[in-house]
>>> print(open('query.cif').read())   # mmCIF, C-alpha atoms
data_final
loop_
_atom_site.group_PDB
_atom_site.id
_atom_site.type_symbol
_atom_site.label_atom_id
_atom_site.label_comp_id
_atom_site.auth_asym_id
_atom_site.auth_seq_id
_atom_site.Cartn_x
_atom_site.Cartn_y
_atom_site.Cartn_z
ATOM 1 C CA VAL A 1 0.000 0.000 0.000
ATOM 2 C CA PHE A 2 1.373 3.371 -1.007
ATOM 3 C CA ARG A 3 0.390 6.658 0.487
ATOM 4 C CA PRO A 4 1.748 10.137 -0.138
ATOM 5 C CA CYS A 5 4.522 11.306 2.152
ATOM 6 C CA GLU A 6 3.820 14.083 4.565
ATOM 7 C CA ASP A 7 5.597 17.286 3.690
ATOM 8 C CA PRO A 8 8.890 17.012 5.623
ATOM 9 C CA MET A 9 9.785 20.648 5.160
ATOM 10 C CA PRO A 10 8.777 23.261 7.724
ATOM 11 C CA PRO A 11 6.912 26.282 6.410
ATOM 12 C CA ARG A 12 9.197 28.829 4.787
ATOM 13 C CA TYR A 13 7.329 31.854 6.157
ATOM 14 C CA VAL A 14 6.175 32.020 9.774
ATOM 15 C CA ASP A 15 3.919 34.797 11.073
ATOM 16 C CA LYS A 16 5.227 36.286 14.319
ATOM 17 C CA GLN A 17 4.189 38.771 16.957
ATOM 18 C CA PHE A 18 6.826 39.444 19.610
ATOM 19 C CA CYS A 19 5.974 40.420 23.192
ATOM 20 C CA THR A 20 7.965 41.305 26.281
ATOM 21 C CA ALA A 21 7.391 39.338 29.492
ATOM 22 C CA ASN A 22 4.788 41.881 30.622
ATOM 23 C CA HIS A 23 2.878 41.802 27.301
ATOM 24 C CA LEU A 24 4.159 44.918 25.553
ATOM 25 C CA ILE A 25 4.268 44.163 21.830
ATOM 26 C CA LEU A 26 7.043 44.864 19.336
ATOM 27 C CA SER A 27 5.792 47.395 16.797
ATOM 28 C CA GLU A 28 7.297 49.192 13.806
ATOM 29 C CA TYR A 29 6.559 52.818 13.001
ATOM 30 C CA ASN A 30 8.329 54.974 10.443
ATOM 31 C CA GLY A 31 11.299 52.609 10.168
ATOM 32 C CA GLN A 32 11.874 52.342 13.935
ATOM 33 C CA LEU A 33 10.940 49.604 16.412
ATOM 34 C CA TYR A 34 9.110 50.218 19.683
ATOM 35 C CA THR A 35 7.381 48.209 22.393
ATOM 36 C CA ASP A 36 3.889 49.359 23.286
ATOM 37 C CA VAL A 37 0.435 48.159 24.271
ATOM 38 C CA VAL A 38 -1.289 45.886 21.765
ATOM 39 C CA ARG A 39 -3.192 47.858 19.129
ATOM 40 C CA ASN A 40 -3.906 44.947 16.735
ATOM 41 C CA ASN A 41 -2.519 46.502 13.558
ATOM 42 C CA ASN A 42 -0.079 45.347 10.874
ATOM 43 C CA ASN A 43 2.774 47.335 12.468
ATOM 44 C CA GLU A 44 2.795 44.618 15.165
ATOM 45 C CA LYS A 45 2.907 41.727 12.689
ATOM 46 C CA PHE A 46 6.155 40.289 11.421
ATOM 47 C CA VAL A 47 7.063 37.409 9.132
ATOM 48 C CA PHE A 48 10.160 35.271 9.695
ATOM 49 C CA ASN A 49 11.574 33.777 6.499
ATOM 50 C CA GLN A 50 13.203 30.581 7.747
ATOM 51 C CA THR A 51 15.128 30.114 4.500
ATOM 52 C CA SER A 52 16.739 33.555 4.244
ATOM 53 C CA GLN A 53 16.591 34.144 8.038
ATOM 54 C CA THR A 54 15.103 37.582 7.554
ATOM 55 C CA ILE A 55 12.255 39.220 9.466
ATOM 56 C CA TYR A 56 9.992 41.618 7.633
ATOM 57 C CA VAL A 57 7.223 43.895 8.863
ATOM 58 C CA LYS A 58 3.800 43.223 7.356
ATOM 59 C CA SER A 59 2.836 46.903 7.281
ATOM 60 C CA SER A 60 5.808 48.037 5.190
ATOM 61 C CA GLY A 61 7.185 44.842 3.647
ATOM 62 C CA GLN A 62 10.647 45.935 4.794
ATOM 63 C CA CYS A 63 13.129 43.802 6.722
ATOM 64 C CA LEU A 64 14.678 44.416 10.112
ATOM 65 C CA GLU A 65 18.214 45.636 9.590
ATOM 66 C CA ALA A 66 20.955 46.221 12.126
ATOM 67 C CA VAL A 67 22.916 49.430 11.677
ATOM 68 C CA PRO A 68 26.603 48.468 11.519
ATOM 69 C CA ASN A 69 28.977 50.388 13.764
ATOM 70 C CA PRO A 70 32.152 51.559 11.947
ATOM 71 C CA THR A 71 34.330 50.093 14.722
ATOM 72 C CA GLY A 72 32.564 46.707 14.674
ATOM 73 C CA GLY A 73 29.314 45.431 16.010
ATOM 74 C CA TYR A 74 25.981 47.172 15.656
ATOM 75 C CA ASN A 75 24.513 50.249 17.298
ATOM 76 C CA GLY A 76 20.911 50.447 16.153
ATOM 77 C CA ILE A 77 18.079 48.839 14.254
ATOM 78 C CA THR A 78 15.861 50.088 11.457
ATOM 79 C CA THR A 79 13.838 48.698 8.567
ATOM 80 C CA ALA A 80 15.072 48.625 4.987
ATOM 81 C CA PRO A 81 14.252 46.915 1.691
ATOM 82 C CA CYS A 82 14.925 43.195 2.068
ATOM 83 C CA ASP A 83 18.256 41.898 0.784
ATOM 84 C CA PHE A 84 18.714 38.191 1.419
ATOM 85 C CA VAL A 85 22.505 38.436 1.044
ATOM 86 C CA ILE A 86 23.648 41.038 3.578
ATOM 87 C CA SER A 87 24.473 39.670 7.014
ATOM 88 C CA TRP A 88 22.954 42.521 9.041
ATOM 89 C CA GLN A 89 19.459 41.413 7.971
ATOM 90 C CA LYS A 90 19.948 37.827 9.225
ATOM 91 C CA TRP A 91 18.221 36.921 12.491
ATOM 92 C CA LYS A 92 17.762 34.023 14.841
ATOM 93 C CA ILE A 93 14.661 33.562 17.004
ATOM 94 C CA ASP A 94 15.481 31.281 19.906
ATOM 95 C CA ALA A 95 15.123 31.004 23.681
ATOM 96 C CA ASN A 96 12.864 34.090 23.880
ATOM 97 C CA ARG A 97 15.407 36.309 22.165
ATOM 98 C CA VAL A 98 15.754 37.819 18.710
ATOM 99 C CA SER A 99 19.447 37.901 17.876
ATOM 100 C CA MET A 100 21.702 38.633 14.930
ATOM 101 C CA LEU A 101 23.393 35.770 13.155
ATOM 102 C CA ASP A 102 26.860 37.196 13.727
ATOM 103 C CA GLN A 103 29.358 34.941 15.457
ATOM 104 C CA PHE A 104 31.791 37.789 16.161
ATOM 105 C CA PHE A 105 29.288 40.273 17.636
ATOM 106 C CA PRO A 106 26.405 38.370 19.320
ATOM 107 C CA THR A 107 23.763 41.096 19.382
ATOM 108 C CA CYS A 108 20.143 40.954 20.581
ATOM 109 C CA LEU A 109 17.091 43.193 20.412
ATOM 110 C CA LYS A 110 16.568 45.018 23.703
ATOM 111 C CA THR A 111 14.086 47.477 25.167
ATOM 112 C CA ASP A 112 12.894 48.982 28.421
ATOM 113 C CA PRO A 113 10.188 46.439 29.294
ATOM 114 C CA PHE A 114 8.535 48.812 31.785
ATOM 115 C CA GLN A 115 7.934 51.787 29.504
ATOM 116 C CA HIS A 116 5.236 52.140 26.863
ATOM 117 C CA SER A 117 6.494 53.371 23.480
ATOM 118 C CA ALA A 118 10.066 52.440 24.425
ATOM 119 C CA LEU A 119 12.544 52.429 21.559
ATOM 120 C CA VAL A 120 13.964 49.010 20.662
ATOM 121 C CA THR A 121 17.719 48.965 20.164
ATOM 122 C CA LEU A 122 20.495 46.404 19.900
ATOM 123 C CA GLY A 123 22.965 45.341 22.539
ATOM 124 C CA PRO A 124 25.328 42.501 23.349
ATOM 125 C CA CYS A 125 23.345 39.354 24.179
ATOM 126 C CA ASP A 126 23.499 39.079 27.963
ATOM 127 C CA GLY A 127 23.277 35.287 28.198
ATOM 128 C CA GLY A 128 21.221 35.453 31.390
ATOM 129 C CA SER A 129 17.661 34.402 31.994
ATOM 130 C CA PRO A 130 15.706 36.163 29.261
ATOM 131 C CA LEU A 131 12.567 36.401 31.411
ATOM 132 C CA ILE A 132 14.244 38.918 33.720
ATOM 133 C CA SER A 133 16.091 40.653 30.923
ATOM 134 C CA ASN A 134 15.497 43.643 28.700
ATOM 135 C CA GLN A 135 16.132 41.215 25.820
ATOM 136 C CA PHE A 136 13.013 39.053 26.310
ATOM 137 C CA PHE A 137 11.030 38.839 23.066
ATOM 138 C CA ALA A 138 8.789 35.798 22.727
ATOM 139 C CA ASP A 139 5.916 34.887 20.456
ATOM 140 C CA CYS A 140 2.968 36.677 22.061
ATOM 141 C CA SER A 141 0.885 33.505 22.136
ATOM 142 C CA SER A 142 3.502 31.835 24.350
ATOM 143 C CA VAL A 143 3.698 34.592 26.998
ATOM 144 C CA ASN A 144 1.247 33.105 29.470
ATOM 145 C CA GLU A 145 2.231 34.755 32.698
ATOM 146 C CA LYS A 146 0.317 37.820 33.809
ATOM 147 C CA TYR A 147 2.293 40.284 35.888
ATOM 148 C CA VAL A 148 0.947 42.944 38.218
ATOM 149 C CA TYR A 149 2.271 45.707 40.436
ATOM 150 C CA ILE A 150 1.024 45.832 44.019
ATOM 151 C CA VAL A 151 0.569 49.501 44.897
ATOM 152 C CA SER A 152 -0.233 51.124 48.246
ATOM 153 C CA THR A 153 -2.769 53.913 48.641
ATOM 154 C CA ARG A 154 0.206 56.312 48.791
ATOM 155 C CA GLY A 155 1.634 55.157 45.461
ATOM 156 C CA LYS A 156 4.448 53.004 46.863
ATOM 157 C CA ARG A 157 5.035 49.635 45.196
ATOM 158 C CA VAL A 158 5.736 46.330 46.869
ATOM 159 C CA SER A 159 9.246 45.289 45.905
ATOM 160 C CA GLU A 160 11.116 42.063 46.611
ATOM 161 C CA TYR A 161 14.713 42.393 47.778
ATOM 162 C CA TYR A 162 16.818 39.520 49.169
ATOM 163 C CA THR A 163 13.658 37.462 49.853
ATOM 164 C CA GLY A 164 12.025 40.322 51.796
ATOM 165 C CA LEU A 165 9.102 42.502 50.711
ATOM 166 C CA TYR A 166 9.238 46.278 51.029
ATOM 167 C CA PHE A 167 7.152 49.303 50.002
ATOM 168 C CA ASN A 168 9.315 51.594 47.875
ATOM 169 C CA THR A 169 9.045 54.455 45.435
ATOM 170 C CA PRO A 170 8.413 52.933 41.965
ATOM 171 C CA ALA A 171 11.691 51.866 40.373
ATOM 172 C CA ASN A 172 10.257 50.113 37.290
ATOM 173 C CA ASN A 173 12.259 46.933 37.695
ATOM 174 C CA PHE A 174 11.594 43.210 37.832
ATOM 175 C CA ASN A 175 11.576 43.202 41.660
ATOM 176 C CA GLU A 176 8.208 44.992 41.490
ATOM 177 C CA LEU A 177 6.520 42.479 39.183
ATOM 178 C CA PHE A 178 4.425 39.714 40.693
ATOM 179 C CA THR A 179 2.771 36.818 38.896
ATOM 180 C CA TRP A 180 -1.016 36.993 38.859
ATOM 181 C CA ASP A 181 -2.850 33.666 38.926
ATOM 182 C CA ALA A 182 -6.526 34.278 38.167
ATOM 183 C CA ASN A 183 -7.428 30.806 39.457
ATOM 184 C CA THR A 184 -6.127 31.397 42.977
ATOM 185 C CA GLN A 185 -6.338 35.209 43.099
#
>>> encode(input="query.cif", output="structure tokens")
Amino acid sequence: VFRPCEDPMPPRYVDKQFCTANHLILSEYNGQLYTDVVRNNNNEKFVFNQTSQTIYVKSSGQCLEAVPNPTGGYNGITTAPCDFVISWQKWKIDANRVSMLDQFFPTCLKTDPFQHSALVTLGPCDGGSPLISNQFFADCSSVNEKYVYIVSTRGKRVSEYYTGLYFNTPANNFNELFTWDANTQ
């Protein structure tokens, strides 16, 4: 008995939406990348070409491109017409990071995960836990945790420090984020 083989090849194009750990979404506007609240528009939709290893923005059709630094490495990110040959448009999506495919200058997307409309830039990949990093960018559908701030009536936030809990002036850091479980409240 013969039957057709299943297609062994993965899809060439994969739709992506990238979110930070606290659900800010990666968005393109006017050639720049930002993280902001979800607005459900094409500026927040990207396509990863697994063959060419490029990422393009659905709204503009342009690819993410690192801006090479004259002394080596990269110092910014923009969008530009796609060119499947140049190395500064090649990306890897892995372990909740978006990084350049450059063995000499391992560079990752980074942002301020606590600020709306924060500019996305590039920086050396930190190698630490991406969840508590400014380099966390995961597929939005996989970011399941819900984080909350616990705020006093006087505007102070609960902050964890060396296993203790304290009320402090807001510092916008990961010590102030707590996981919200709707089942247990």
>>> resolve_selection(input="query.cif", expression="the PyMOL selection byres ((chain A and resi 51) around 12)", output="list in words")
Met9, Pro10, Pro11, Arg12, Tyr13, Val14, Val47, Phe48, Asn49, Gln50, Ser52, Gln53, Thr54, Ile55, Phe84, Val85, Lys90, Trp91 and Lys92 of chain A
>>> resolve_selection(input="query.cif", expression="the PyMOL selection byres ((chain A and resi 62-69) around 7)", output="ChimeraX atom specification")
/A:54-57,60-61,70-82,88-89
>>> closest_atom_pairs(input="query.cif", of="segment 103-141 of chain A", to="segment 170-179 of chain A", cutoff="9 Å", atoms="only C-alpha atoms", output="JSON lines")
{"residue": "A:Pro113", "atom": "CA", "partner": "A:Asn173", "partner_atom": "CA", "distance": 8.7}
{"residue": "A:Phe114", "atom": "CA", "partner": "A:Asn172", "partner_atom": "CA", "distance": 5.9}
{"residue": "A:Gln115", "atom": "CA", "partner": "A:Asn172", "partner_atom": "CA", "distance": 8.3}
{"residue": "A:Ile132", "atom": "CA", "partner": "A:Phe174", "partner_atom": "CA", "distance": 6.5}
{"residue": "A:Ser133", "atom": "CA", "partner": "A:Phe174", "partner_atom": "CA", "distance": 8.6}
>>> closest_residue(input="query.cif", among="A:Asp112, A:Leu119, A:Ile93, A:Ser87", to="Tyr29 of chain A", atoms="all atoms listed in the file")
A:Leu119
>>> axis_aligned_box(input="query.cif", around="segment 104-113 of chain A", padding_each_side="8 Å", output="JSON")
{"center_x": 21.0, "center_y": 43.4, "center_z": 22.7, "size_x": 37.6, "size_y": 27.2, "size_z": 29.1}
>>> residues_around(input="query.cif", residues="Leu33 of chain A", least_positions_apart="4", cutoff="6 Å", atoms="all atoms listed in the file", output="ChimeraX atom specification")
/A:27-28,120
>>> resolve_selection(input="query.cif", expression="the PyMOL selection byres ((chain A and resi 110) around 10)", output="list in words")
Thr20, Tyr34, Thr35, Arg97, Val98, Ser99, Thr107, Cys108, Leu109, Thr111, Asp112, Pro113, Ala118, Leu119, Val120, Thr121, Leu122, Gly123, Pro124, Cys125, Ser133, Asn134, Gln135, Phe136 and Phe137 of chain A
>>> write_last_selection(input="query.cif", atoms="C-alpha atoms", output="PDB file, in the frame of the given file")
ATOM      1  CA  THR A  20       7.965  41.305  26.281  1.00  0.00           C
ATOM      2  CA  TYR A  34       9.110  50.218  19.683  1.00  0.00           C
ATOM      3  CA  THR A  35       7.381  48.209  22.393  1.00  0.00           C
ATOM      4  CA  ARG A  97      15.407  36.309  22.165  1.00  0.00           C
ATOM      5  CA  VAL A  98      15.754  37.819  18.710  1.00  0.00           C
ATOM      6  CA  SER A  99      19.447  37.901  17.876  1.00  0.00           C
ATOM      7  CA  THR A 107      23.763  41.096  19.382  1.00  0.00           C
ATOM      8  CA  CYS A 108      20.143  40.954  20.581  1.00  0.00           C
ATOM      9  CA  LEU A 109      17.091  43.193  20.412  1.00  0.00           C
ATOM     10  CA  THR A 111      14.086  47.477  25.167  1.00  0.00           C
ATOM     11  CA  ASP A 112      12.894  48.982  28.421  1.00  0.00           C
ATOM     12  CA  PRO A 113      10.188  46.439  29.294  1.00  0.00           C
ATOM     13  CA  ALA A 118      10.066  52.440  24.425  1.00  0.00           C
ATOM     14  CA  LEU A 119      12.544  52.429  21.559  1.00  0.00           C
ATOM     15  CA  VAL A 120      13.964  49.010  20.662  1.00  0.00           C
ATOM     16  CA  THR A 121      17.719  48.965  20.164  1.00  0.00           C
ATOM     17  CA  LEU A 122      20.495  46.404  19.900  1.00  0.00           C
ATOM     18  CA  GLY A 123      22.965  45.341  22.539  1.00  0.00           C
ATOM     19  CA  PRO A 124      25.328  42.501  23.349  1.00  0.00           C
ATOM     20  CA  CYS A 125      23.345  39.354  24.179  1.00  0.00           C
ATOM     21  CA  SER A 133      16.091  40.653  30.923  1.00  0.00           C
ATOM     22  CA  ASN A 134      15.497  43.643  28.700  1.00  0.00           C
ATOM     23  CA  GLN A 135      16.132  41.215  25.820  1.00  0.00           C
ATOM     24  CA  PHE A 136      13.013  39.053  26.310  1.00  0.00           C
ATOM     25  CA  PHE A 137      11.030  38.839  23.066  1.00  0.00           C
TER      26      PHE A 137
END
>>> atom_distance(input="query.cif", atom1="atom CA of Glu44 of chain A", atom2="atom CA of Lys58 of chain A")
8.0 Å
>>> atom_distance(input="query.cif", atom1="atom CA of Gly164 of chain A", atom2="atom CA of Ala21 of chain A")
22.8 Å
>>> residues_around(input="query.cif", residues="Tyr166 of chain A", least_positions_apart="3", cutoff="10 Å", atoms="only C-alpha atoms", output="list in words")
Lys156, Arg157, Val158, Ser159, Glu160, Tyr161, Thr163, Thr169 and Glu176 of chain A
>>> write_last_selection(input="query.cif", atoms="C-alpha atoms", output="mmCIF file, keeping the file's coordinate frame")
data_model
loop_
_atom_site.group_PDB
_atom_site.id
_atom_site.type_symbol
_atom_site.label_atom_id
_atom_site.label_comp_id
_atom_site.auth_asym_id
_atom_site.auth_seq_id
_atom_site.Cartn_x
_atom_site.Cartn_y
_atom_site.Cartn_z
ATOM 1 C CA LYS A 156 4.448 53.004 46.863
ATOM 2 C CA ARG A 157 5.035 49.635 45.196
ATOM 3 C CA VAL A 158 5.736 46.330 46.869
ATOM 4 C CA SER A 159 9.246 45.289 45.905
ATOM 5 C CA GLU A 160 11.116 42.063 46.611
ATOM 6 C CA TYR A 161 14.713 42.393 47.778
ATOM 7 C CA THR A 163 13.658 37.462 49.853
ATOM 8 C CA THR A 169 9.045 54.455 45.435
ATOM 9 C CA GLU A 176 8.208 44.992 41.490
#
>>> residues_around(input="query.cif", residues="Ser142 of chain A", least_positions_apart="5", cutoff="10 Å", atoms="all atoms listed in the file", output="list in words")
Phe18, Cys19, Ala21 and Asn96 of chain A
>>> residues_near_point(input="query.cif", point="(-0.8, 48.4, 15.4)", cutoff="10 Å", atoms="all atoms listed in the file", output="ChimeraX atom specification")
/A:25-29,36-45,59
>>> atom_distance(input="query.cif", atom1="atom CA of His23 of chain A", atom2="atom CA of Ser117 of chain A")
12.7 Å
>>> closest_residue(input="query.cif", among="A:Pro106, A:Phe167, A:Asn30, A:Leu24", to="Thr153 of chain A", atoms="only C-alpha atoms")
A:Phe167
